[in-house]
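Structure file coords.txt with compact mmCIF, N, CA and C atoms:
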# COMPACT_ATOMS: atom_id res chain seq x y z
N GLN A 1 13.98 5.23 12.23
CA GLN A 1 14.04 4.17 11.22
C GLN A 1 12.77 3.32 11.30
N VAL A 2 12.21 3.05 10.15
CA VAL A 2 10.99 2.25 10.06
C VAL A 2 11.28 1.03 9.19
N GLN A 3 10.84 -0.12 9.64
CA GLN A 3 10.98 -1.34 8.84
C GLN A 3 9.58 -1.80 8.42
N LEU A 4 9.47 -2.21 7.18
CA LEU A 4 8.19 -2.64 6.63
C LEU A 4 8.36 -3.99 5.96
N VAL A 5 7.46 -4.92 6.26
CA VAL A 5 7.52 -6.25 5.67
C VAL A 5 6.15 -6.61 5.13
N GLU A 6 6.09 -6.83 3.82
CA GLU A 6 4.83 -7.19 3.17
C GLU A 6 4.67 -8.70 3.09
N SER A 7 3.41 -9.12 3.03
CA SER A 7 3.09 -10.53 2.81
C SER A 7 1.69 -10.62 2.22
N GLY A 8 1.34 -11.80 1.74
CA GLY A 8 -0.02 -12.04 1.29
C GLY A 8 -0.22 -12.07 -0.21
N GLY A 9 0.82 -11.79 -0.97
CA GLY A 9 0.68 -11.84 -2.40
C GLY A 9 0.49 -13.26 -2.90
N GLY A 10 0.19 -13.40 -4.17
CA GLY A 10 0.01 -14.73 -4.75
C GLY A 10 -0.52 -14.65 -6.16
N SER A 11 -0.88 -15.80 -6.69
CA SER A 11 -1.43 -15.90 -8.04
C SER A 11 -2.91 -16.23 -7.94
N VAL A 12 -3.74 -15.45 -8.59
CA VAL A 12 -5.18 -15.65 -8.55
C VAL A 12 -5.76 -15.46 -9.94
N GLN A 13 -6.95 -15.96 -10.13
CA GLN A 13 -7.65 -15.74 -11.39
C GLN A 13 -8.38 -14.40 -11.33
N ALA A 14 -8.66 -13.87 -12.48
CA ALA A 14 -9.41 -12.62 -12.57
C ALA A 14 -10.73 -12.76 -11.80
N GLY A 15 -11.07 -11.71 -11.05
CA GLY A 15 -12.26 -11.74 -10.22
C GLY A 15 -11.98 -12.18 -8.79
N GLY A 16 -10.79 -12.69 -8.55
CA GLY A 16 -10.43 -13.19 -7.23
C GLY A 16 -10.02 -12.08 -6.28
N SER A 17 -9.66 -12.51 -5.07
CA SER A 17 -9.32 -11.56 -4.01
C SER A 17 -8.07 -12.00 -3.27
N LEU A 18 -7.40 -11.04 -2.67
CA LEU A 18 -6.27 -11.30 -1.79
C LEU A 18 -6.30 -10.28 -0.66
N ARG A 19 -5.62 -10.60 0.44
CA ARG A 19 -5.40 -9.61 1.48
C ARG A 19 -3.90 -9.48 1.70
N LEU A 20 -3.39 -8.31 1.40
CA LEU A 20 -1.98 -8.02 1.60
C LEU A 20 -1.79 -7.41 2.98
N SER A 21 -0.68 -7.75 3.62
CA SER A 21 -0.37 -7.22 4.94
C SER A 21 0.98 -6.52 4.91
N CYS A 22 1.09 -5.47 5.71
CA CYS A 22 2.33 -4.74 5.86
C CYS A 22 2.60 -4.58 7.35
N ALA A 23 3.57 -5.33 7.86
CA ALA A 23 3.94 -5.25 9.27
C ALA A 23 4.99 -4.17 9.43
N ALA A 24 4.68 -3.20 10.26
CA ALA A 24 5.57 -2.06 10.44
C ALA A 24 6.19 -2.08 11.83
N SER A 25 7.44 -1.67 11.91
CA SER A 25 8.11 -1.53 13.20
C SER A 25 9.00 -0.29 13.15
N GLY A 26 9.36 0.21 14.34
CA GLY A 26 10.15 1.42 14.41
C GLY A 26 9.31 2.58 14.89
N THR A 27 9.91 3.74 14.89
CA THR A 27 9.24 4.94 15.39
C THR A 27 8.37 5.58 14.33
N MET A 28 7.08 5.70 14.63
CA MET A 28 6.15 6.37 13.73
C MET A 28 5.33 7.34 14.56
N TYR A 29 4.62 8.23 13.87
CA TYR A 29 3.88 9.29 14.55
C TYR A 29 2.42 9.24 14.13
N ARG A 30 1.61 10.04 14.79
CA ARG A 30 0.19 10.06 14.46
C ARG A 30 -0.02 10.44 13.01
N ASN A 31 0.78 11.36 12.50
CA ASN A 31 0.59 11.80 11.12
C ASN A 31 1.45 11.02 10.11
N THR A 32 2.05 9.95 10.56
CA THR A 32 2.76 9.09 9.60
C THR A 32 1.74 8.51 8.62
N CYS A 33 2.10 8.49 7.37
CA CYS A 33 1.23 7.94 6.32
C CYS A 33 1.83 6.65 5.82
N VAL A 34 1.00 5.63 5.71
CA VAL A 34 1.44 4.36 5.11
C VAL A 34 0.66 4.16 3.82
N GLY A 35 1.38 3.83 2.77
CA GLY A 35 0.74 3.65 1.48
C GLY A 35 1.11 2.34 0.83
N TRP A 36 0.26 1.92 -0.08
CA TRP A 36 0.52 0.76 -0.93
C TRP A 36 0.76 1.24 -2.35
N PHE A 37 1.80 0.74 -2.93
CA PHE A 37 2.17 1.07 -4.30
C PHE A 37 2.31 -0.22 -5.10
N ARG A 38 2.27 -0.10 -6.40
CA ARG A 38 2.51 -1.28 -7.23
C ARG A 38 3.32 -0.88 -8.44
N GLN A 39 4.02 -1.87 -8.96
CA GLN A 39 4.83 -1.64 -10.15
C GLN A 39 4.76 -2.86 -11.04
N ALA A 40 4.26 -2.65 -12.25
CA ALA A 40 4.21 -3.70 -13.26
C ALA A 40 5.48 -3.64 -14.09
N PRO A 41 5.85 -4.72 -14.75
CA PRO A 41 7.06 -4.72 -15.57
C PRO A 41 7.04 -3.58 -16.59
N GLU A 42 8.14 -2.85 -16.65
CA GLU A 42 8.34 -1.77 -17.61
C GLU A 42 7.38 -0.60 -17.38
N LYS A 43 6.80 -0.52 -16.21
CA LYS A 43 5.93 0.60 -15.88
C LYS A 43 6.45 1.30 -14.63
N GLU A 44 6.04 2.54 -14.44
CA GLU A 44 6.44 3.28 -13.27
C GLU A 44 5.67 2.81 -12.05
N ARG A 45 6.29 2.98 -10.91
CA ARG A 45 5.62 2.66 -9.65
C ARG A 45 4.49 3.66 -9.43
N GLU A 46 3.32 3.13 -9.02
CA GLU A 46 2.17 4.01 -8.81
C GLU A 46 1.53 3.73 -7.46
N GLY A 47 1.00 4.77 -6.85
CA GLY A 47 0.29 4.60 -5.59
C GLY A 47 -1.11 4.09 -5.83
N VAL A 48 -1.58 3.16 -4.99
CA VAL A 48 -2.94 2.65 -5.12
C VAL A 48 -3.81 3.03 -3.93
N ALA A 49 -3.24 3.09 -2.73
CA ALA A 49 -4.02 3.42 -1.55
C ALA A 49 -3.09 3.90 -0.44
N SER A 50 -3.59 4.79 0.39
CA SER A 50 -2.78 5.28 1.50
C SER A 50 -3.68 5.72 2.64
N MET A 51 -3.06 5.82 3.83
CA MET A 51 -3.83 6.30 4.98
C MET A 51 -2.91 6.85 6.04
N TYR A 52 -3.42 7.84 6.78
CA TYR A 52 -2.72 8.33 7.95
C TYR A 52 -2.99 7.38 9.11
N ARG A 53 -2.04 7.33 10.05
CA ARG A 53 -2.24 6.49 11.22
C ARG A 53 -3.39 7.03 12.08
N ASP A 54 -3.42 8.35 12.30
CA ASP A 54 -4.46 8.92 13.16
C ASP A 54 -4.64 10.39 12.84
N PRO A 55 -5.80 10.84 12.41
CA PRO A 55 -6.97 10.00 12.12
C PRO A 55 -6.76 9.19 10.85
N SER A 56 -7.49 8.14 10.71
CA SER A 56 -7.24 7.19 9.63
C SER A 56 -7.93 7.58 8.34
N SER A 57 -7.60 8.75 7.84
CA SER A 57 -8.10 9.18 6.52
C SER A 57 -7.49 8.30 5.45
N THR A 58 -8.30 7.95 4.46
CA THR A 58 -7.83 7.06 3.41
C THR A 58 -7.90 7.72 2.03
N TYR A 59 -7.05 7.27 1.13
CA TYR A 59 -6.98 7.80 -0.23
C TYR A 59 -6.78 6.63 -1.19
N TYR A 60 -7.39 6.75 -2.37
CA TYR A 60 -7.32 5.68 -3.36
C TYR A 60 -7.07 6.23 -4.75
N ALA A 61 -6.33 5.47 -5.54
CA ALA A 61 -6.22 5.78 -6.95
C ALA A 61 -7.55 5.47 -7.63
N ASP A 62 -7.88 6.24 -8.64
CA ASP A 62 -9.17 6.05 -9.32
C ASP A 62 -9.32 4.63 -9.85
N SER A 63 -8.22 4.03 -10.27
CA SER A 63 -8.27 2.71 -10.90
C SER A 63 -8.66 1.60 -9.93
N VAL A 64 -8.59 1.87 -8.62
CA VAL A 64 -8.88 0.81 -7.65
C VAL A 64 -10.05 1.14 -6.75
N LYS A 65 -10.61 2.33 -6.86
CA LYS A 65 -11.72 2.72 -5.99
C LYS A 65 -12.88 1.73 -6.13
N GLY A 66 -13.41 1.32 -5.00
CA GLY A 66 -14.52 0.37 -5.00
C GLY A 66 -14.06 -1.08 -5.03
N ARG A 67 -12.78 -1.32 -5.31
CA ARG A 67 -12.27 -2.70 -5.35
C ARG A 67 -11.22 -2.96 -4.27
N PHE A 68 -10.44 -1.97 -3.93
CA PHE A 68 -9.39 -2.11 -2.93
C PHE A 68 -9.79 -1.36 -1.66
N THR A 69 -9.41 -1.90 -0.52
CA THR A 69 -9.68 -1.25 0.76
C THR A 69 -8.43 -1.30 1.63
N ILE A 70 -8.00 -0.14 2.09
CA ILE A 70 -6.86 -0.07 2.99
C ILE A 70 -7.38 0.07 4.42
N SER A 71 -6.73 -0.61 5.34
CA SER A 71 -7.14 -0.53 6.74
C SER A 71 -5.91 -0.79 7.61
N GLN A 72 -6.07 -0.59 8.91
CA GLN A 72 -4.93 -0.80 9.79
C GLN A 72 -5.37 -1.36 11.12
N ASP A 73 -4.47 -2.05 11.75
CA ASP A 73 -4.62 -2.51 13.13
C ASP A 73 -3.45 -1.89 13.87
N LEU A 74 -3.72 -0.79 14.58
CA LEU A 74 -2.63 -0.09 15.25
C LEU A 74 -1.99 -0.95 16.32
N GLY A 75 -2.79 -1.79 16.97
CA GLY A 75 -2.24 -2.65 18.01
C GLY A 75 -1.21 -3.63 17.47
N LYS A 76 -1.41 -4.07 16.23
CA LYS A 76 -0.48 -4.99 15.59
C LYS A 76 0.51 -4.25 14.69
N SER A 77 0.38 -2.94 14.61
CA SER A 77 1.23 -2.14 13.72
C SER A 77 1.23 -2.72 12.32
N THR A 78 0.05 -3.05 11.85
CA THR A 78 -0.07 -3.68 10.53
C THR A 78 -1.09 -2.93 9.69
N VAL A 79 -0.74 -2.72 8.45
CA VAL A 79 -1.64 -2.10 7.49
C VAL A 79 -2.01 -3.15 6.46
N TYR A 80 -3.28 -3.21 6.13
CA TYR A 80 -3.79 -4.22 5.20
C TYR A 80 -4.27 -3.57 3.91
N LEU A 81 -4.24 -4.34 2.86
CA LEU A 81 -4.85 -3.94 1.59
C LEU A 81 -5.67 -5.11 1.09
N GLU A 82 -7.00 -4.95 1.18
CA GLU A 82 -7.91 -5.94 0.62
C GLU A 82 -8.07 -5.63 -0.86
N VAL A 83 -7.76 -6.60 -1.70
CA VAL A 83 -7.86 -6.38 -3.14
C VAL A 83 -8.89 -7.35 -3.68
N ASN A 84 -9.96 -6.81 -4.22
CA ASN A 84 -11.07 -7.61 -4.71
C ASN A 84 -11.31 -7.36 -6.20
N SER A 85 -12.09 -8.23 -6.80
CA SER A 85 -12.44 -8.10 -8.22
C SER A 85 -11.18 -7.85 -9.06
N LEU A 86 -10.18 -8.65 -8.82
CA LEU A 86 -8.88 -8.42 -9.46
C LEU A 86 -8.95 -8.57 -10.96
N LYS A 87 -8.17 -7.74 -11.63
CA LYS A 87 -8.07 -7.75 -13.07
C LYS A 87 -6.63 -8.06 -13.48
N ALA A 88 -6.45 -8.46 -14.71
CA ALA A 88 -5.10 -8.77 -15.19
C ALA A 88 -4.17 -7.56 -15.04
N GLU A 89 -4.73 -6.37 -15.22
CA GLU A 89 -3.91 -5.15 -15.12
C GLU A 89 -3.52 -4.80 -13.69
N ASP A 90 -4.02 -5.55 -12.72
CA ASP A 90 -3.59 -5.35 -11.33
C ASP A 90 -2.30 -6.11 -11.02
N THR A 91 -1.85 -6.90 -11.97
CA THR A 91 -0.62 -7.67 -11.78
C THR A 91 0.58 -6.76 -11.55
N GLY A 92 1.40 -7.11 -10.58
CA GLY A 92 2.60 -6.34 -10.32
C GLY A 92 3.17 -6.65 -8.96
N MET A 93 4.29 -6.01 -8.66
CA MET A 93 4.87 -6.10 -7.33
C MET A 93 4.23 -5.02 -6.48
N TYR A 94 3.71 -5.41 -5.33
CA TYR A 94 3.05 -4.47 -4.44
C TYR A 94 3.97 -4.15 -3.27
N TYR A 95 4.17 -2.87 -3.05
CA TYR A 95 5.07 -2.38 -2.01
C TYR A 95 4.29 -1.59 -0.97
N CYS A 96 4.73 -1.72 0.26
CA CYS A 96 4.26 -0.89 1.35
C CYS A 96 5.31 0.17 1.60
N ALA A 97 4.89 1.39 1.88
CA ALA A 97 5.84 2.47 2.12
C ALA A 97 5.30 3.41 3.19
N ALA A 98 6.21 4.11 3.85
CA ALA A 98 5.82 5.04 4.91
C ALA A 98 6.40 6.42 4.65
N SER A 99 5.54 7.42 4.79
CA SER A 99 5.96 8.81 4.78
C SER A 99 5.93 9.25 6.24
N LEU A 100 7.09 9.39 6.83
CA LEU A 100 7.18 9.51 8.29
C LEU A 100 6.38 10.69 8.83
N TYR A 101 6.39 11.82 8.15
CA TYR A 101 5.68 13.00 8.61
C TYR A 101 4.42 13.27 7.78
N GLY A 102 3.98 12.30 7.05
CA GLY A 102 2.71 12.40 6.35
C GLY A 102 2.74 13.19 5.06
N ILE A 103 3.93 13.56 4.59
CA ILE A 103 4.03 14.34 3.36
C ILE A 103 3.57 13.49 2.18
N GLY A 104 2.73 14.10 1.33
CA GLY A 104 2.33 13.45 0.09
C GLY A 104 1.36 12.30 0.23
N CYS A 105 0.67 12.21 1.36
CA CYS A 105 -0.20 11.05 1.58
C CYS A 105 -1.31 10.95 0.54
N SER A 106 -2.00 12.05 0.27
CA SER A 106 -3.12 11.99 -0.66
C SER A 106 -2.65 11.84 -2.11
N LYS A 107 -1.52 12.41 -2.45
CA LYS A 107 -1.02 12.32 -3.83
C LYS A 107 -0.33 10.99 -4.11
N MET A 108 0.15 10.32 -3.09
CA MET A 108 0.83 9.03 -3.22
C MET A 108 1.95 9.10 -4.25
N SER A 109 2.79 10.11 -4.09
CA SER A 109 3.94 10.23 -4.97
C SER A 109 5.12 9.50 -4.35
N PRO A 110 5.68 8.51 -5.03
CA PRO A 110 6.74 7.69 -4.42
C PRO A 110 7.90 8.48 -3.79
N PRO A 111 8.38 9.56 -4.40
CA PRO A 111 9.51 10.28 -3.78
C PRO A 111 9.19 10.86 -2.40
N ASP A 112 7.91 11.01 -2.06
CA ASP A 112 7.55 11.57 -0.76
C ASP A 112 7.61 10.54 0.35
N PHE A 113 7.78 9.27 0.01
CA PHE A 113 7.76 8.21 1.00
C PHE A 113 9.20 7.82 1.35
N ASP A 114 9.45 7.75 2.66
CA ASP A 114 10.82 7.63 3.16
C ASP A 114 11.30 6.19 3.28
N TYR A 115 10.39 5.28 3.60
CA TYR A 115 10.78 3.90 3.88
C TYR A 115 9.94 2.95 3.03
N TRP A 116 10.57 1.88 2.59
CA TRP A 116 9.92 0.93 1.69
C TRP A 116 10.18 -0.51 2.13
N GLY A 117 9.18 -1.34 1.89
CA GLY A 117 9.37 -2.77 2.08
C GLY A 117 9.94 -3.40 0.82
N GLN A 118 10.11 -4.71 0.87
CA GLN A 118 10.71 -5.44 -0.25
C GLN A 118 9.68 -5.82 -1.31
N GLY A 119 8.42 -5.77 -0.98
CA GLY A 119 7.39 -6.06 -1.96
C GLY A 119 6.84 -7.47 -1.88
N THR A 120 5.63 -7.63 -2.38
CA THR A 120 4.99 -8.94 -2.50
C THR A 120 4.32 -9.00 -3.87
N GLN A 121 4.51 -10.10 -4.59
CA GLN A 121 4.05 -10.21 -5.97
C GLN A 121 2.57 -10.61 -6.03
N VAL A 122 1.84 -9.91 -6.87
CA VAL A 122 0.45 -10.26 -7.17
C VAL A 122 0.36 -10.54 -8.67
N THR A 123 -0.11 -11.73 -9.02
CA THR A 123 -0.25 -12.11 -10.41
C THR A 123 -1.69 -12.52 -10.66
N VAL A 124 -2.34 -11.85 -11.61
CA VAL A 124 -3.74 -12.14 -11.92
C VAL A 124 -3.82 -12.70 -13.32
N SER A 125 -4.37 -13.88 -13.45
CA SER A 125 -4.50 -14.50 -14.76
C SER A 125 -5.94 -14.37 -15.25
N SER A 126 -6.07 -14.11 -16.54
CA SER A 126 -7.41 -13.91 -17.11
C SER A 126 -7.94 -15.18 -17.73
Would you put the structure from the file into structure tokens?
Amino acid sequence: QVQLVESGGGSVQAGGSLRLSCAASGTMYRNTCVGWFRQAPEKEREGVASMYRDPSSTYYADSVKGRFTISQDLGKSTVYLEVNSLKAEDTGMYYCAASLYGIGCSKMSPPDFDYWGQGTQVTVSS
């Protein structure tokens, strides 16, 4: 069982930045994948960034490449998402999720992820 708790969301103006955190606890493995997803109202949940615990290969959705950075602190069991140059279309609930055996890490397909946090809201005003 894995527990995930997100924090760091907020309201910012377009062009601003935030750092989202995902504190993870429970049993995970070297090939466990942790991903960040987002869901805007009336839209499907989409993956934005993901990474394996070890080695820390990273993957990004095309829409966020160059603006978002995923990283981790294994000692703190925390995964971060730096979100920069925010746009109005980045608005949504951001979720952290774990694929325990690393399935679907690069594709970031929500059904492949076994555990989910409650989410943290990001609102970008233009």
Spatial neighbours of stretch 18-28 of chain A, 6 Å, all atoms listed in the file, chain gap at least 4 places, as a compact mmCIF listing (two decimals) with N, CA and C atoms, in the coordinates of the input:
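Full text of selection_0.txt as output:
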# COMPACT_ATOMS: atom_id res chain seq x y z
N GLN A 1 13.98 5.23 12.23
CA GLN A 1 14.04 4.17 11.22
C GLN A 1 12.77 3.32 11.30
N VAL A 2 12.21 3.05 10.15
CA VAL A 2 10.99 2.25 10.06
C VAL A 2 11.28 1.03 9.19
N GLN A 3 10.84 -0.12 9.64
CA GLN A 3 10.98 -1.34 8.84
C GLN A 3 9.58 -1.80 8.42
N LEU A 4 9.47 -2.21 7.18
CA LEU A 4 8.19 -2.64 6.63
C LEU A 4 8.36 -3.99 5.96
N VAL A 5 7.46 -4.92 6.26
CA VAL A 5 7.52 -6.25 5.67
C VAL A 5 6.15 -6.61 5.13
N GLU A 6 6.09 -6.83 3.82
CA GLU A 6 4.83 -7.19 3.17
C GLU A 6 4.67 -8.70 3.09
N SER A 7 3.41 -9.12 3.03
CA SER A 7 3.09 -10.53 2.81
C SER A 7 1.69 -10.62 2.22
N GLY A 8 1.34 -11.80 1.74
CA GLY A 8 -0.02 -12.04 1.29
C GLY A 8 -0.22 -12.07 -0.21
N GLY A 9 0.82 -11.79 -0.97
CA GLY A 9 0.68 -11.84 -2.40
C GLY A 9 0.49 -13.26 -2.90
N THR A 32 2.05 9.95 10.56
CA THR A 32 2.76 9.09 9.60
C THR A 32 1.74 8.51 8.62
N SER A 77 0.38 -2.94 14.61
CA SER A 77 1.23 -2.14 13.72
C SER A 77 1.23 -2.72 12.32
N THR A 78 0.05 -3.05 11.85
CA THR A 78 -0.07 -3.68 10.53
C THR A 78 -1.09 -2.93 9.69
N VAL A 79 -0.74 -2.72 8.45
CA VAL A 79 -1.64 -2.10 7.49
C VAL A 79 -2.01 -3.15 6.46
N TYR A 80 -3.28 -3.21 6.13
CA TYR A 80 -3.79 -4.22 5.20
C TYR A 80 -4.27 -3.57 3.91
N LEU A 81 -4.24 -4.34 2.86
CA LEU A 81 -4.85 -3.94 1.59
C LEU A 81 -5.67 -5.11 1.09
N GLU A 82 -7.00 -4.95 1.18
CA GLU A 82 -7.91 -5.94 0.62
C GLU A 82 -8.07 -5.63 -0.86
N VAL A 83 -7.76 -6.60 -1.70
CA VAL A 83 -7.86 -6.38 -3.14
C VAL A 83 -8.89 -7.35 -3.68
N ASN A 84 -9.96 -6.81 -4.22
CA ASN A 84 -11.07 -7.61 -4.71
C ASN A 84 -11.31 -7.36 -6.20
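Checking A:Gln39, A:Ala88, A:Cys33, A:Gln72 one by one against A:Gly104, counting only N, CA and C atoms, you find the shortest gap at A:Cys33.
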Legend entry - Distance query A:Tyr52 at most 8 Å, all atoms listed in the file, self and fewer than 4 positions along chain excluded, as a VMD selection string: chain A and resid 29 to 35 56 to 59 102 105 to 106
Writing out the chosen residues with N, CA and C atoms as a PDB file, in the coordinates of the input:
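selection-v4.pdb, written as the output of this step:
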ATOM      1  N   TYR A  29       4.620   8.230  13.870  1.00  0.00           N
ATOM      2  CA  TYR A  29       3.880   9.290  14.550  1.00  0.00           C
ATOM      3  C   TYR A  29       2.420   9.240  14.130  1.00  0.00           C
ATOM      4  N   ARG A  30       1.610  10.040  14.790  1.00  0.00           N
ATOM      5  CA  ARG A  30       0.190  10.060  14.460  1.00  0.00           C
ATOM      6  C   ARG A  30      -0.020  10.440  13.010  1.00  0.00           C
ATOM      7  N   ASN A  31       0.780  11.360  12.500  1.00  0.00           N
ATOM      8  CA  ASN A  31       0.590  11.800  11.120  1.00  0.00           C
ATOM      9  C   ASN A  31       1.450  11.020  10.110  1.00  0.00           C
ATOM     10  N   THR A  32       2.050   9.950  10.560  1.00  0.00           N
ATOM     11  CA  THR A  32       2.760   9.090   9.600  1.00  0.00           C
ATOM     12  C   THR A  32       1.740   8.510   8.620  1.00  0.00           C
ATOM     13  N   CYS A  33       2.100   8.490   7.370  1.00  0.00           N
ATOM     14  CA  CYS A  33       1.230   7.940   6.320  1.00  0.00           C
ATOM     15  C   CYS A  33       1.830   6.650   5.820  1.00  0.00           C
ATOM     16  N   VAL A  34       1.000   5.630   5.710  1.00  0.00           N
ATOM     17  CA  VAL A  34       1.440   4.360   5.110  1.00  0.00           C
ATOM     18  C   VAL A  34       0.660   4.160   3.820  1.00  0.00           C
ATOM     19  N   GLY A  35       1.380   3.830   2.770  1.00  0.00           N
ATOM     20  CA  GLY A  35       0.740   3.650   1.480  1.00  0.00           C
ATOM     21  C   GLY A  35       1.110   2.340   0.830  1.00  0.00           C
ATOM     22  N   SER A  56      -7.490   8.140  10.710  1.00  0.00           N
ATOM     23  CA  SER A  56      -7.240   7.190   9.630  1.00  0.00           C
ATOM     24  C   SER A  56      -7.930   7.580   8.340  1.00  0.00           C
ATOM     25  N   SER A  57      -7.600   8.750   7.840  1.00  0.00           N
ATOM     26  CA  SER A  57      -8.100   9.180   6.520  1.00  0.00           C
ATOM     27  C   SER A  57      -7.490   8.300   5.450  1.00  0.00           C
ATOM     28  N   THR A  58      -8.300   7.950   4.460  1.00  0.00           N
ATOM     29  CA  THR A  58      -7.830   7.060   3.410  1.00  0.00           C
ATOM     30  C   THR A  58      -7.900   7.720   2.030  1.00  0.00           C
ATOM     31  N   TYR A  59      -7.050   7.270   1.130  1.00  0.00           N
ATOM     32  CA  TYR A  59      -6.980   7.800  -0.230  1.00  0.00           C
ATOM     33  C   TYR A  59      -6.780   6.630  -1.190  1.00  0.00           C
ATOM     34  N   GLY A 102       3.980  12.300   7.050  1.00  0.00           N
ATOM     35  CA  GLY A 102       2.710  12.400   6.350  1.00  0.00           C
ATOM     36  C   GLY A 102       2.740  13.190   5.060  1.00  0.00           C
ATOM     37  N   CYS A 105       0.670  12.210   1.360  1.00  0.00           N
ATOM     38  CA  CYS A 105      -0.200  11.050   1.580  1.00  0.00           C
ATOM     39  C   CYS A 105      -1.310  10.950   0.540  1.00  0.00           C
ATOM     40  N   SER A 106      -2.000  12.050   0.270  1.00  0.00           N
ATOM     41  CA  SER A 106      -3.120  11.990  -0.660  1.00  0.00           C
ATOM     42  C   SER A 106      -2.650  11.840  -2.110  1.00  0.00           C
TER      43      SER A 106
END
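The coordinates place atom C of A:Tyr101 at 9.7 Å from atom C of A:Phe113.
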Inset, instruction - Step one, run DSSP on the backbone; step two, keep only residues of chain A assigned to strand (DSSP E); then write them as an NGL selection string. - result: :A and (2-7 or 10-13 or 18-26 or 33-39 or 46-52 or 58-60 or 68-73 or 78-83 or 92-99 or 115-116 or 120-125)
Inset, instruction - In the coordinates of the file, take the point (4.8, -13.4, -11.0) and a cut-off of 10 Å; then, counting only C-alpha atoms, name each qualifying protein, DNA or RNA residue as a ChimeraX atom specification. - result: /A:9-11,40,91-93,120-124
Inset, instruction - Find, counting all atoms listed in the file, the residue in A:Ser63, A:Pro41, A:Ser71, A:Gln118 that gets nearest to A:Tyr94. - result: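 Among the listed residues, A:Gln118 lies closest to A:Tyr94.
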